[in-house]
Structures are given as C-alpha cells and as structure tokens.
$ cat target-v1.cif   # mmCIF, C-alpha atoms
data_run
#
loop_
_atom_site.group_PDB
_atom_site.id
_atom_site.type_symbol
_atom_site.label_atom_id
_atom_site.label_comp_id
_atom_site.auth_asym_id
_atom_site.auth_seq_id
_atom_site.Cartn_x
_atom_site.Cartn_y
_atom_site.Cartn_z
ATOM 1 C CA MET A 1 -4.819 -14.306 -45.686
ATOM 2 C CA PRO A 2 -7.446 -13.396 -43.034
ATOM 3 C CA ALA A 3 -8.023 -9.745 -42.247
ATOM 4 C CA SER A 4 -7.431 -9.206 -38.545
ATOM 5 C CA SER A 5 -10.274 -6.691 -38.569
ATOM 6 C CA SER A 6 -12.657 -9.530 -39.408
ATOM 7 C CA LEU A 7 -11.558 -11.721 -36.484
ATOM 8 C CA THR A 8 -13.263 -11.449 -33.115
ATOM 9 C CA CYS A 9 -11.135 -12.029 -30.064
ATOM 10 C CA LEU A 10 -11.874 -12.733 -26.401
ATOM 11 C CA VAL A 11 -9.215 -11.820 -23.832
ATOM 12 C CA VAL A 12 -9.589 -13.628 -20.503
ATOM 13 C CA ASP A 13 -7.427 -12.537 -17.585
ATOM 14 C CA ASP A 14 -8.186 -11.646 -13.970
ATOM 15 C CA GLN A 15 -5.917 -8.601 -14.185
ATOM 16 C CA GLN A 16 -7.491 -5.630 -15.884
ATOM 17 C CA THR A 17 -4.036 -4.200 -16.647
ATOM 18 C CA MET A 18 -3.014 -7.332 -18.535
ATOM 19 C CA ARG A 19 -6.304 -7.390 -20.454
ATOM 20 C CA SER A 20 -5.660 -3.792 -21.505
ATOM 21 C CA LEU A 21 -2.138 -4.648 -22.645
ATOM 22 C CA VAL A 22 -3.351 -7.559 -24.754
ATOM 23 C CA ARG A 23 -6.162 -5.408 -26.154
ATOM 24 C CA THR A 24 -3.677 -2.680 -27.105
ATOM 25 C CA GLY A 25 -1.470 -5.248 -28.827
ATOM 26 C CA LEU A 26 -4.408 -6.694 -30.729
ATOM 27 C CA GLN A 27 -5.531 -3.227 -31.807
ATOM 28 C CA GLN A 28 -2.034 -2.546 -33.119
ATOM 29 C CA LEU A 29 -2.402 -5.711 -35.188
ATOM 30 C CA GLY A 30 -5.667 -4.465 -36.662
ATOM 31 C CA PHE A 31 -8.196 -6.305 -34.493
ATOM 32 C CA ARG A 32 -11.365 -4.308 -34.027
ATOM 33 C CA THR A 33 -13.754 -6.574 -32.142
ATOM 34 C CA ILE A 34 -12.240 -7.490 -28.807
ATOM 35 C CA TYR A 35 -14.149 -8.705 -25.780
ATOM 36 C CA GLU A 36 -12.809 -9.147 -22.268
ATOM 37 C CA ALA A 37 -13.597 -11.404 -19.330
ATOM 38 C CA PRO A 38 -12.042 -11.521 -15.833
ATOM 39 C CA ASP A 39 -12.243 -15.282 -15.362
ATOM 40 C CA GLY A 40 -12.946 -18.533 -17.195
ATOM 41 C CA GLU A 41 -16.596 -18.732 -16.204
ATOM 42 C CA GLU A 42 -17.438 -15.335 -17.635
ATOM 43 C CA GLY A 43 -15.229 -16.105 -20.614
ATOM 44 C CA LEU A 44 -17.267 -19.212 -21.340
ATOM 45 C CA ARG A 45 -20.509 -17.219 -21.106
ATOM 46 C CA HIS A 46 -19.102 -14.818 -23.723
ATOM 47 C CA MET A 47 -18.197 -17.773 -25.936
ATOM 48 C CA LEU A 48 -21.708 -19.167 -25.788
ATOM 49 C CA SER A 49 -23.406 -15.869 -26.548
ATOM 50 C CA ARG A 50 -21.473 -14.556 -29.550
ATOM 51 C CA PRO A 51 -19.127 -15.839 -32.252
ATOM 52 C CA ILE A 52 -15.476 -15.712 -31.201
ATOM 53 C CA HIS A 53 -12.601 -16.690 -33.498
ATOM 54 C CA LEU A 54 -9.719 -16.429 -31.059
ATOM 55 C CA VAL A 55 -9.417 -16.754 -27.282
ATOM 56 C CA ILE A 56 -6.329 -15.433 -25.521
ATOM 57 C CA SER A 57 -6.545 -16.615 -21.937
ATOM 58 C CA ASP A 58 -4.407 -16.439 -18.837
ATOM 59 C CA TYR A 59 -3.814 -19.664 -16.938
ATOM 60 C CA ASN A 60 -4.024 -18.416 -13.317
ATOM 61 C CA MET A 61 -7.560 -17.171 -12.724
ATOM 62 C CA PRO A 62 -10.254 -17.538 -10.064
ATOM 63 C CA LYS A 63 -13.407 -19.631 -10.561
ATOM 64 C CA LEU A 64 -12.364 -21.343 -13.795
ATOM 65 C CA ASP A 65 -8.682 -21.235 -14.773
ATOM 66 C CA GLY A 66 -7.278 -21.214 -18.291
ATOM 67 C CA LEU A 67 -7.043 -24.986 -18.568
ATOM 68 C CA GLY A 68 -10.616 -25.359 -17.328
ATOM 69 C CA LEU A 69 -11.815 -22.844 -19.890
ATOM 70 C CA LEU A 70 -9.912 -24.639 -22.641
ATOM 71 C CA ARG A 71 -11.429 -28.007 -21.652
ATOM 72 C CA ALA A 72 -14.912 -26.502 -21.503
ATOM 73 C CA ILE A 73 -14.537 -24.968 -24.956
ATOM 74 C CA ARG A 74 -13.229 -28.193 -26.475
ATOM 75 C CA SER A 75 -16.168 -30.119 -25.018
ATOM 76 C CA HIS A 76 -18.858 -27.775 -26.418
ATOM 77 C CA PRO A 77 -19.365 -28.753 -30.097
ATOM 78 C CA PRO A 78 -20.583 -25.316 -31.292
ATOM 79 C CA ILE A 79 -17.415 -23.607 -30.059
ATOM 80 C CA GLN A 80 -14.932 -26.454 -29.818
ATOM 81 C CA LYS A 81 -12.886 -25.378 -32.847
ATOM 82 C CA THR A 82 -12.215 -21.868 -31.536
ATOM 83 C CA ALA A 83 -8.526 -20.979 -31.667
ATOM 84 C CA PHE A 84 -7.039 -20.766 -28.178
ATOM 85 C CA ILE A 85 -3.769 -19.174 -27.058
ATOM 86 C CA MET A 86 -2.743 -19.712 -23.433
ATOM 87 C CA LEU A 87 -0.925 -16.948 -21.551
ATOM 88 C CA THR A 88 1.566 -18.270 -19.041
ATOM 89 C CA GLY A 89 3.740 -16.545 -16.486
ATOM 90 C CA ARG A 90 6.747 -18.603 -17.426
ATOM 91 C CA ALA A 91 7.748 -21.337 -19.860
ATOM 92 C CA ASP A 92 6.139 -24.036 -17.731
ATOM 93 C CA LYS A 93 6.684 -27.194 -19.742
ATOM 94 C CA GLU A 94 4.239 -29.301 -17.723
ATOM 95 C CA LEU A 95 1.460 -26.730 -18.045
ATOM 96 C CA VAL A 96 1.999 -26.280 -21.769
ATOM 97 C CA GLN A 97 2.046 -30.038 -22.310
ATOM 98 C CA ARG A 98 -1.249 -30.384 -20.430
ATOM 99 C CA ALA A 99 -2.688 -27.564 -22.499
ATOM 100 C CA VAL A 100 -1.523 -29.315 -25.667
ATOM 101 C CA GLN A 101 -3.332 -32.467 -24.523
ATOM 102 C CA PHE A 102 -6.507 -30.409 -24.155
ATOM 103 C CA GLY A 103 -6.072 -28.933 -27.628
ATOM 104 C CA VAL A 104 -4.454 -25.525 -27.123
ATOM 105 C CA ASN A 105 -3.326 -23.923 -30.387
ATOM 106 C CA ASN A 106 -0.386 -21.980 -29.038
ATOM 107 C CA TYR A 107 0.989 -20.334 -25.901
ATOM 108 C CA LEU A 108 2.448 -16.967 -25.020
ATOM 109 C CA VAL A 109 4.892 -16.352 -22.187
ATOM 110 C CA LYS A 110 4.487 -13.047 -20.347
ATOM 111 C CA PRO A 111 5.874 -10.463 -20.732
ATOM 112 C CA PHE A 112 5.549 -10.655 -24.506
ATOM 113 C CA THR A 113 5.969 -8.208 -27.352
ATOM 114 C CA VAL A 114 3.414 -7.283 -30.004
ATOM 115 C CA ALA A 115 5.699 -8.970 -32.543
ATOM 116 C CA THR A 116 5.498 -12.235 -30.588
ATOM 117 C CA LEU A 117 1.734 -11.904 -30.243
ATOM 118 C CA LYS A 118 1.496 -11.453 -34.014
ATOM 119 C CA GLU A 119 3.754 -14.454 -34.607
ATOM 120 C CA LYS A 120 1.612 -16.699 -32.382
ATOM 121 C CA ILE A 121 -1.641 -15.581 -34.015
ATOM 122 C CA GLU A 122 -0.222 -15.989 -37.523
ATOM 123 C CA ALA A 123 0.950 -19.498 -36.613
ATOM 124 C CA ILE A 124 -2.765 -20.313 -36.273
ATOM 125 C CA PHE A 125 -4.511 -18.164 -38.873
ATOM 126 C CA GLY A 126 -1.723 -17.539 -41.367
ATOM 127 C CA VAL A 127 -0.321 -14.122 -42.232
ATOM 128 C CA LEU A 128 -2.676 -11.365 -41.107
ATOM 129 C CA ALA A 129 -3.756 -8.772 -43.599
ATOM 130 C CA MET B 1 20.107 -21.605 27.352
ATOM 131 C CA ASN B 2 19.009 -19.190 24.689
ATOM 132 C CA SER B 3 16.163 -21.431 23.608
ATOM 133 C CA ASP B 4 14.771 -21.468 27.172
ATOM 134 C CA LEU B 5 15.038 -17.704 27.407
ATOM 135 C CA ALA B 6 13.286 -17.369 24.107
ATOM 136 C CA GLN B 7 10.490 -19.497 25.451
ATOM 137 C CA HIS B 8 9.996 -17.560 28.691
ATOM 138 C CA GLU B 9 11.162 -14.013 27.945
ATOM 139 C CA PRO B 10 9.405 -12.324 25.063
ATOM 140 C CA GLY B 11 12.236 -9.802 24.903
ATOM 141 C CA TRP B 12 14.611 -12.617 24.026
ATOM 142 C CA ALA B 13 12.494 -14.034 21.245
ATOM 143 C CA ALA B 14 14.514 -15.003 18.207
ATOM 144 C CA GLU B 15 14.736 -12.418 15.449
ATOM 145 C CA PRO B 16 12.640 -13.343 12.430
ATOM 146 C CA ARG B 17 14.608 -14.696 9.511
ATOM 147 C CA LYS B 18 15.591 -12.036 6.987
ATOM 148 C CA VAL B 19 14.834 -12.466 3.305
ATOM 149 C CA HIS B 20 16.462 -9.941 0.990
ATOM 150 C CA VAL B 21 14.547 -9.243 -2.213
ATOM 151 C CA ILE B 22 16.764 -8.052 -5.058
ATOM 152 C CA GLN B 23 15.825 -6.251 -8.264
ATOM 153 C CA GLY B 24 13.736 -8.385 -10.587
ATOM 154 C CA GLU B 25 12.700 -10.846 -7.888
ATOM 155 C CA PHE B 26 9.836 -11.346 -5.444
ATOM 156 C CA HIS B 27 9.213 -13.354 -2.299
ATOM 157 C CA VAL B 28 6.041 -14.571 -0.609
ATOM 158 C CA SER B 29 5.741 -16.070 2.868
ATOM 159 C CA ASN B 30 3.273 -17.017 5.562
ATOM 160 C CA GLU B 31 6.043 -17.413 8.125
ATOM 161 C CA ASP B 32 7.549 -15.061 10.651
ATOM 162 C CA VAL B 33 10.145 -13.486 8.382
ATOM 163 C CA VAL B 34 11.164 -9.941 7.631
ATOM 164 C CA MET B 35 11.627 -9.039 3.992
ATOM 165 C CA THR B 36 14.228 -6.403 3.194
ATOM 166 C CA THR B 37 15.303 -4.468 0.158
ATOM 167 C CA ILE B 38 17.146 -1.296 -0.810
ATOM 168 C CA LEU B 39 15.491 0.973 -3.339
ATOM 169 C CA GLY B 40 16.688 3.842 -5.472
ATOM 170 C CA SER B 41 14.503 4.537 -8.480
ATOM 171 C CA CYS B 42 13.133 0.975 -8.276
ATOM 172 C CA VAL B 43 9.772 0.329 -6.637
ATOM 173 C CA ALA B 44 8.833 -2.434 -4.209
ATOM 174 C CA ALA B 45 5.225 -3.471 -3.698
ATOM 175 C CA CYS B 46 4.522 -5.012 -0.292
ATOM 176 C CA ILE B 47 1.231 -6.890 -0.381
ATOM 177 C CA ARG B 48 -0.534 -9.058 2.182
ATOM 178 C CA ASP B 49 -3.839 -10.696 2.986
ATOM 179 C CA PRO B 50 -4.499 -10.060 6.694
ATOM 180 C CA VAL B 51 -7.002 -12.916 6.920
ATOM 181 C CA ALA B 52 -4.930 -15.586 5.157
ATOM 182 C CA ARG B 53 -1.874 -14.190 6.975
ATOM 183 C CA VAL B 54 0.348 -14.276 3.948
ATOM 184 C CA GLY B 55 2.326 -11.498 2.348
ATOM 185 C CA GLY B 56 5.080 -10.719 -0.054
ATOM 186 C CA MET B 57 7.333 -8.167 -1.663
ATOM 187 C CA ASN B 58 8.632 -7.567 -5.176
ATOM 188 C CA HIS B 59 11.298 -5.180 -6.467
ATOM 189 C CA PHE B 60 11.137 -3.916 -10.015
ATOM 190 C CA LEU B 61 12.489 -1.338 -12.407
ATOM 191 C CA LEU B 62 10.716 -0.807 -15.686
ATOM 192 C CA PRO B 63 13.261 -1.362 -18.469
ATOM 193 C CA GLY B 64 13.405 1.813 -20.492
ATOM 194 C CA ALA B 65 10.617 2.885 -18.163
ATOM 195 C CA THR B 66 8.399 4.100 -20.979
ATOM 196 C CA GLY B 67 6.078 2.590 -23.518
ATOM 197 C CA ASP B 68 4.315 -0.709 -23.663
ATOM 198 C CA GLU B 69 7.421 -2.849 -23.277
ATOM 199 C CA GLY B 70 8.258 -1.354 -19.897
ATOM 200 C CA LEU B 71 4.634 -1.588 -18.900
ATOM 201 C CA ARG B 72 4.512 -5.269 -19.760
ATOM 202 C CA TYR B 73 7.508 -5.936 -17.552
ATOM 203 C CA GLY B 74 5.960 -4.056 -14.628
ATOM 204 C CA VAL B 75 2.648 -5.837 -15.014
ATOM 205 C CA GLN B 76 4.452 -9.154 -15.072
ATOM 206 C CA SER B 77 6.332 -8.332 -11.879
ATOM 207 C CA MET B 78 3.109 -7.409 -10.092
ATOM 208 C CA GLU B 79 1.238 -10.401 -11.458
ATOM 209 C CA LEU B 80 3.884 -12.871 -10.306
ATOM 210 C CA LEU B 81 3.625 -11.502 -6.761
ATOM 211 C CA VAL B 82 -0.180 -11.407 -6.705
ATOM 212 C CA ASN B 83 -0.516 -14.900 -8.174
ATOM 213 C CA ALA B 84 1.974 -16.318 -5.671
ATOM 214 C CA LEU B 85 -0.119 -14.801 -2.863
ATOM 215 C CA LEU B 86 -3.334 -16.233 -4.295
ATOM 216 C CA ARG B 87 -1.718 -19.670 -4.489
ATOM 217 C CA LYS B 88 -0.965 -19.427 -0.765
ATOM 218 C CA GLY B 89 -4.586 -18.755 0.078
ATOM 219 C CA ALA B 90 -4.848 -14.981 -0.282
ATOM 220 C CA ARG B 91 -7.936 -13.403 -1.834
ATOM 221 C CA ARG B 92 -7.641 -10.544 -4.258
ATOM 222 C CA ASP B 93 -10.384 -8.494 -2.579
ATOM 223 C CA ARG B 94 -8.555 -8.631 0.779
ATOM 224 C CA LEU B 95 -5.116 -7.628 -0.456
ATOM 225 C CA GLU B 96 -3.493 -4.626 1.220
ATOM 226 C CA VAL B 97 -0.770 -2.866 -0.753
ATOM 227 C CA LYS B 98 2.089 -0.639 0.339
ATOM 228 C CA LEU B 99 4.400 0.941 -2.256
ATOM 229 C CA PHE B 100 7.918 2.222 -1.672
ATOM 230 C CA GLY B 101 10.735 3.664 -3.746
ATOM 231 C CA GLY B 102 10.747 5.492 -7.043
ATOM 232 C CA ALA B 103 13.270 8.139 -6.002
ATOM 233 C CA HIS B 104 14.847 10.608 -8.411
ATOM 234 C CA LEU B 105 18.510 10.279 -7.526
ATOM 235 C CA PHE B 106 20.227 12.142 -10.351
ATOM 236 C CA ASP B 107 19.449 15.658 -11.483
ATOM 237 C CA GLY B 108 19.381 16.074 -15.209
ATOM 238 C CA LEU B 109 18.482 12.504 -16.052
ATOM 239 C CA SER B 110 14.982 11.366 -16.891
ATOM 240 C CA ASP B 111 12.942 10.694 -13.794
ATOM 241 C CA VAL B 112 12.805 6.922 -13.966
ATOM 242 C CA GLY B 113 11.692 6.784 -10.344
ATOM 243 C CA ALA B 114 8.585 8.839 -11.073
ATOM 244 C CA GLN B 115 7.739 6.621 -14.025
ATOM 245 C CA ASN B 116 8.070 3.526 -11.851
ATOM 246 C CA SER B 117 5.954 5.179 -9.151
ATOM 247 C CA ASN B 118 3.293 6.253 -11.632
ATOM 248 C CA PHE B 119 3.083 2.730 -13.005
ATOM 249 C CA ALA B 120 2.763 1.149 -9.548
ATOM 250 C CA GLU B 121 0.030 3.570 -8.475
ATOM 251 C CA ALA B 122 -1.864 3.092 -11.724
ATOM 252 C CA PHE B 123 -1.654 -0.678 -11.363
ATOM 253 C CA VAL B 124 -3.063 -0.595 -7.834
ATOM 254 C CA ARG B 125 -5.844 1.736 -8.938
ATOM 255 C CA ASP B 126 -6.724 -0.153 -12.140
ATOM 256 C CA GLU B 127 -6.777 -3.514 -10.355
ATOM 257 C CA SER B 128 -8.949 -2.049 -7.558
ATOM 258 C CA LEU B 129 -6.446 -3.143 -4.923
ATOM 259 C CA ASN B 130 -6.563 -1.630 -1.462
ATOM 260 C CA TYR B 131 -3.699 0.862 -1.078
ATOM 261 C CA VAL B 132 -2.917 1.307 2.603
ATOM 262 C CA GLY B 133 0.217 3.408 2.549
ATOM 263 C CA GLY B 134 3.849 3.680 1.612
ATOM 264 C CA SER B 135 6.361 6.214 0.405
ATOM 265 C CA LEU B 136 7.119 6.986 -3.230
ATOM 266 C CA ARG B 137 9.345 9.460 -5.110
ATOM 267 C CA GLY B 138 11.614 11.931 -3.291
ATOM 268 C CA ASP B 139 15.368 12.159 -3.825
ATOM 269 C CA ARG B 140 16.752 9.644 -1.341
ATOM 270 C CA ALA B 141 17.349 5.918 -1.575
ATOM 271 C CA ARG B 142 15.486 3.810 0.971
ATOM 272 C CA ARG B 143 16.084 0.701 2.998
ATOM 273 C CA ILE B 144 12.775 -1.151 3.482
ATOM 274 C CA GLN B 145 11.784 -3.837 5.959
ATOM 275 C CA TYR B 146 8.429 -5.584 5.674
ATOM 276 C CA TRP B 147 6.809 -8.102 7.975
ATOM 277 C CA PRO B 148 4.397 -9.980 5.693
ATOM 278 C CA ILE B 149 2.031 -11.375 8.318
ATOM 279 C CA SER B 150 1.454 -8.169 10.287
ATOM 280 C CA GLY B 151 1.873 -5.884 7.290
ATOM 281 C CA ARG B 152 4.191 -3.670 9.289
ATOM 282 C CA ALA B 153 6.724 -1.801 7.182
ATOM 283 C CA ARG B 154 9.720 0.247 8.170
ATOM 284 C CA GLN B 155 11.517 2.706 5.924
ATOM 285 C CA ILE B 156 14.977 4.124 6.539
ATOM 286 C CA LEU B 157 15.998 6.922 4.191
ATOM 287 C CA LEU B 158 19.664 6.729 3.260
ATOM 288 C CA ALA B 159 21.786 9.835 3.686
ATOM 289 C CA PRO B 160 22.233 11.857 0.467
ATOM 290 C CA THR B 161 25.835 10.691 0.093
ATOM 291 C CA GLU B 162 24.838 7.076 0.591
ATOM 292 C CA SER B 163 22.040 7.574 -1.917
ATOM 293 C CA ARG B 164 24.530 8.821 -4.515
ATOM 294 C CA VAL B 165 26.812 5.833 -4.014
ATOM 295 C CA PHE B 166 23.846 3.501 -4.184
ATOM 296 C CA ALA B 167 22.554 5.196 -7.328
ATOM 297 C CA VAL B 168 25.882 4.776 -9.102
ATOM 298 C CA GLU B 169 25.868 1.103 -8.182
ATOM 299 C CA GLN B 170 22.338 0.788 -9.485
ATOM 300 C CA ARG B 171 23.079 2.351 -12.869
ATOM 301 C CA ARG B 172 24.132 -0.935 -14.347
ATOM 302 C CA PRO B 173 21.563 -2.110 -16.920
ATOM 303 C CA ALA B 174 18.371 -3.564 -15.578
ATOM 304 C CA PRO B 175 17.937 -7.237 -16.364
ATOM 305 C CA ALA B 176 16.006 -7.621 -19.570
ATOM 306 C CA PRO B 177 12.527 -8.991 -19.070
ATOM 307 C CA ALA B 178 12.313 -12.621 -19.905
ATOM 308 C CA GLN B 179 10.936 -12.987 -23.369
ATOM 309 C CA ASP B 180 9.359 -16.123 -24.665
ATOM 310 C CA ALA B 181 11.858 -18.634 -23.420
ATOM 311 C CA GLY B 182 12.615 -20.825 -26.373
ATOM 312 C CA ALA B 183 12.858 -23.934 -24.248
ATOM 313 C CA LEU B 184 9.448 -25.186 -25.274
ATOM 314 C CA GLU B 185 9.114 -26.036 -28.910
ATOM 315 C CA LEU B 186 5.770 -27.753 -29.011
ATOM 316 C CA PHE B 187 4.242 -25.932 -31.960
#
$ encode --input "target-v1.cif" --output "structure tokens"
Amino acid sequence: MPASSSLTCLVVDDQQTMRSLVRTGLQQLGFRTIYEAPDGEEGLRHMLSRPIHLVISDYNMPKLDGLGLLRAIRSHPPIQKTAFIMLTGRADKELVQRAVQFGVNNYLVKPFTVATLKEKIEAIFGVLA
Amino acid sequence: MNSDLAQHEPGWAAEPRKVHVIQGEFHVSNEDVVMTTILGSCVAACIRDPVARVGGMNHFLLPGATGDEGLRYGVQSMELLVNALLRKGARRDRLEVKLFGGAHLFDGLSDVGAQNSNFAEAFVRDESLNYVGGSLRGDRARRIQYWPISGRARQILLAPTESRVFAVEQRRPAPAPAQDAGALELF
C-alpha cells in the first residue's frame, strides 16, 4: 500500500486552470510533491531532471502533445517505467487505443471527479494510504 | 436573379448562415456565419484569432455552480472551445475573448449568474487570455450574435417580462457534465 505522500507527480497541461484542478485533486488524495508543466517538451525536461512516479498529462498541447510525451518517456530507459495517465476531452476510443499501444497505464476523461482520479491512480499503484 | 444582385450589389449580399449555440454546446467556424444564443444566468464565451480568422462560441452553466465539480465542468467547456480553435489554426497568444451573460434573474435565489461570471473572468485571467469586452451580470436575459471572423458581437437585452419567461424556461436542470464515459474498457 503506497503512501500517496511518498509519490511524486507531474501534471502536464497547457491550461493553467486544469493543472490547478488536477493539483487540488491530488492534494486531496494526500500527494505532496506535485510538479507542473505547460507542454510535453517542458514535461520531458522535468522528467529527466528529477524522479517522477506518476505523470498525468493532457493530450492536446502545443509543441509536444500527450502521445508524443508518452512515446518519449517510453523510449528513455531511465524513465520508461514511469506511470502515465492520459487526460482526454472525451472517450476517444482511437486515441486511447493508440495510447495503449504506446504503453499508457490508464486514462481519465474530463471533467472528472476526485473519486475517479483516485480510482485511476489506485488501478496502477494499488490502494493509496 | 438574386444571385446576380448579390454579386453586384453589396446591399443584397446573402445573410450569413446562422448557427444557434445551445446550453452545453460550442461551435467553431472560419466561415462567414453568425453564431447566436440566448443567455440568462448562463455565460457564453466568444473567442477568435484575428490572424487565423477563426472564432467560436460556447454556452455553459456550472452545475451546482459552486465547488470543484462545477469548476471542472466550466473548465471543460472552455477547454473544448479553445482546443477546437487551436485545431483550426488559432494560436493561444492571439486569442481575443468576449464574455456575455451571467444575469441574476430571480430575486431571493442564489446568484448563479454571478458565479458563472466570476468563473469565466477568472478563467480568462488565469489563462492569460486577451479579454476585449463583453457584458456580464445584470438582471436581464440577453440575445447574443457573434461574427467569428470579424469578432463583432451584438447584444440585445430582453425586456424584463421576456427575461422572466426565459428564466422559468431555463430552470430545468442543467445537463450533468459527462463523466468518464464507460464505453472504453481497456484497463
């Protein structure tokens, strides 16, 4: 049973408002170390400079989108096993299937509740303490 | 022939096609259309990129209007519109935003319109979008027309009696925000 306070999370979304919402949800679940990035490129720089256990990333972003970030992470051995949850605007089957091919761990359709966020994270890490 | 007149007489030019945007929906276009909506306590964001010549309108009401759940729904509504604009070639740093609606139509009830207005203004500010005008709050329903390419907007305030009738019609429950559609069971 991992303690959520011991997990570091990176939230990647080009909308500051959405990043704040995800951050608030994570804080309600006990996460303490949360980083943010406005696009995939900056997200990847974060990944390469500090240990991250969980990435929650939007799909639609400038520079490097969510799928691009996922592919980049999976192709960098030091970080390739990082858990990755994709945020999508709708239940886009084709997008989710492509993300699955690239090794996504789960997906989250916006707007989502904190309970759903918890469910998706626990599906990866097990029940959070 | 009308088509000949339209060609030679600017005054006879065909009216742009009307697209009505109802609560919970949005529309984006780079064509000569006029987007319309009628707002009570709901808010419509009219956003365009003057360089890419594309614009759009949404129409939302925060369910419950308070707390994180309502906020999530509002953010989603704005994000869908902004992302649709970006997909049509708009750039975030060029977006021009106009906000309308958010009226308080019933005395004695919580001011849902103000909460919608506050959310919309906070979103524009937090996302560093360029706010270029609009009309929020007040006590009258509004009819809005928006030309997405020029960014021109026209507001017609409904008479108080019309506003009351409209408000009663609008008091049916807002559509619940789409939660995780269970259609995809991949995990």
$ interface_residues --input "target-v1.cif" --of "chain A" --to "chain B" --cutoff "7 Å" --atoms "all atoms listed in the file" --output "PDB file with C-alpha atoms, in the frame of the given file"
ATOM      1  CA  GLN A  15      -5.917  -8.601 -14.185  1.00  0.00           C
ATOM      2  CA  GLN A  16      -7.491  -5.630 -15.884  1.00  0.00           C
ATOM      3  CA  THR A  17      -4.036  -4.200 -16.647  1.00  0.00           C
ATOM      4  CA  MET A  18      -3.014  -7.332 -18.535  1.00  0.00           C
ATOM      5  CA  ALA A  91       7.748 -21.337 -19.860  1.00  0.00           C
ATOM      6  CA  LYS A  93       6.684 -27.194 -19.742  1.00  0.00           C
ATOM      7  CA  ASN A 106      -0.386 -21.980 -29.038  1.00  0.00           C
ATOM      8  CA  LEU A 108       2.448 -16.967 -25.020  1.00  0.00           C
ATOM      9  CA  VAL A 109       4.892 -16.352 -22.187  1.00  0.00           C
ATOM     10  CA  LYS A 110       4.487 -13.047 -20.347  1.00  0.00           C
ATOM     11  CA  PRO A 111       5.874 -10.463 -20.732  1.00  0.00           C
ATOM     12  CA  PHE A 112       5.549 -10.655 -24.506  1.00  0.00           C
ATOM     13  CA  THR A 113       5.969  -8.208 -27.352  1.00  0.00           C
TER      14      THR A 113
END
$ resolve_selection --input "target-v1.cif" --expression "the PyMOL selection byres ((chain B and resi 57) around 7)" --output "PyMOL selection string"
chain B and resi 26-28+44-47+56+58-59
$ residues_around --input "target-v1.cif" --residues "Ser117 in chain B" --least-positions-apart "4" --cutoff "8 Å" --atoms "only C-alpha atoms" --output "ChimeraX atom specification"
/B:43,101-102,113,121,136-137
$ resolve_selection --input "target-v1.cif" --expression "the PyMOL selection byres ((chain B and resi 17) around 7)" --output "PDB file with C-alpha atoms, in the frame of the given file"
ATOM      1  CA  GLU B  15      14.736 -12.418  15.449  1.00  0.00           C
ATOM      2  CA  PRO B  16      12.640 -13.343  12.430  1.00  0.00           C
ATOM      3  CA  LYS B  18      15.591 -12.036   6.987  1.00  0.00           C
ATOM      4  CA  VAL B  19      14.834 -12.466   3.305  1.00  0.00           C
ATOM      5  CA  VAL B  33      10.145 -13.486   8.382  1.00  0.00           C
ATOM      6  CA  VAL B  34      11.164  -9.941   7.631  1.00  0.00           C
TER       7      VAL B  34
END
$ resolve_selection --input "target-v1.cif" --expression "the PyMOL selection byres ((chain A and resi 1-8) around 12)" --output "VMD selection string"
chain A and resid 9 to 11 23 26 to 36 46 to 47 50 to 56 82 to 83 118 121 to 129
$ write_last_selection --input "target-v1.cif" --atoms "C-alpha atoms" --output "compact mmCIF listing (two decimals), keeping the file's coordinate frame"
# COMPACT_ATOMS: atom_id res chain seq x y z
CA CYS A 9 -11.14 -12.03 -30.06
CA LEU A 10 -11.87 -12.73 -26.40
CA VAL A 11 -9.22 -11.82 -23.83
CA ARG A 23 -6.16 -5.41 -26.15
CA LEU A 26 -4.41 -6.69 -30.73
CA GLN A 27 -5.53 -3.23 -31.81
CA GLN A 28 -2.03 -2.55 -33.12
CA LEU A 29 -2.40 -5.71 -35.19
CA GLY A 30 -5.67 -4.46 -36.66
CA PHE A 31 -8.20 -6.30 -34.49
CA ARG A 32 -11.36 -4.31 -34.03
CA THR A 33 -13.75 -6.57 -32.14
CA ILE A 34 -12.24 -7.49 -28.81
CA TYR A 35 -14.15 -8.70 -25.78
CA GLU A 36 -12.81 -9.15 -22.27
CA HIS A 46 -19.10 -14.82 -23.72
CA MET A 47 -18.20 -17.77 -25.94
CA ARG A 50 -21.47 -14.56 -29.55
CA PRO A 51 -19.13 -15.84 -32.25
CA ILE A 52 -15.48 -15.71 -31.20
CA HIS A 53 -12.60 -16.69 -33.50
CA LEU A 54 -9.72 -16.43 -31.06
CA VAL A 55 -9.42 -16.75 -27.28
CA ILE A 56 -6.33 -15.43 -25.52
CA THR A 82 -12.22 -21.87 -31.54
CA ALA A 83 -8.53 -20.98 -31.67
CA LYS A 118 1.50 -11.45 -34.01
CA ILE A 121 -1.64 -15.58 -34.02
CA GLU A 122 -0.22 -15.99 -37.52
CA ALA A 123 0.95 -19.50 -36.61
CA ILE A 124 -2.76 -20.31 -36.27
CA PHE A 125 -4.51 -18.16 -38.87
CA GLY A 126 -1.72 -17.54 -41.37
CA VAL A 127 -0.32 -14.12 -42.23
CA LEU A 128 -2.68 -11.36 -41.11
CA ALA A 129 -3.76 -8.77 -43.60
$ atom_distance --input "target-v1.cif" --atom1 "CA of Ser41 in chain B" --atom2 "CA of Tyr131 in chain B"
20.0 Å
$ atom_distance --input "target-v1.cif" --atom1 "CA of Leu64 in chain A" --atom2 "CA of Arg48 in chain B"
23.4 Å
$ atom_distance --input "target-v1.cif" --atom1 "CA of Arg94 in chain B" --atom2 "CA of Asp49 in chain B"
5.6 Å
$ residues_around --input "target-v1.cif" --residues "Ala159 in chain B" --least-positions-apart "6" --cutoff "10 Å" --atoms "all atoms listed in the file" --output "PyMOL selection string"
chain B and resi 140-142
$ residues_around --input "target-v1.cif" --residues "Asp39 in chain A" --least-positions-apart "3" --cutoff "12 Å" --atoms "all atoms listed in the file" --output "list in words"
Leu10, Val11, Val12, Asp13, Asp14, Gln15, Gln16, Arg19, Glu36, Glu42, Gly43, Leu44, Arg45, His46, Ile56, Ser57, Asp58, Tyr59, Asn60, Met61, Pro62, Lys63, Leu64, Asp65, Gly66, Leu67, Gly68 and Leu69 of chain A
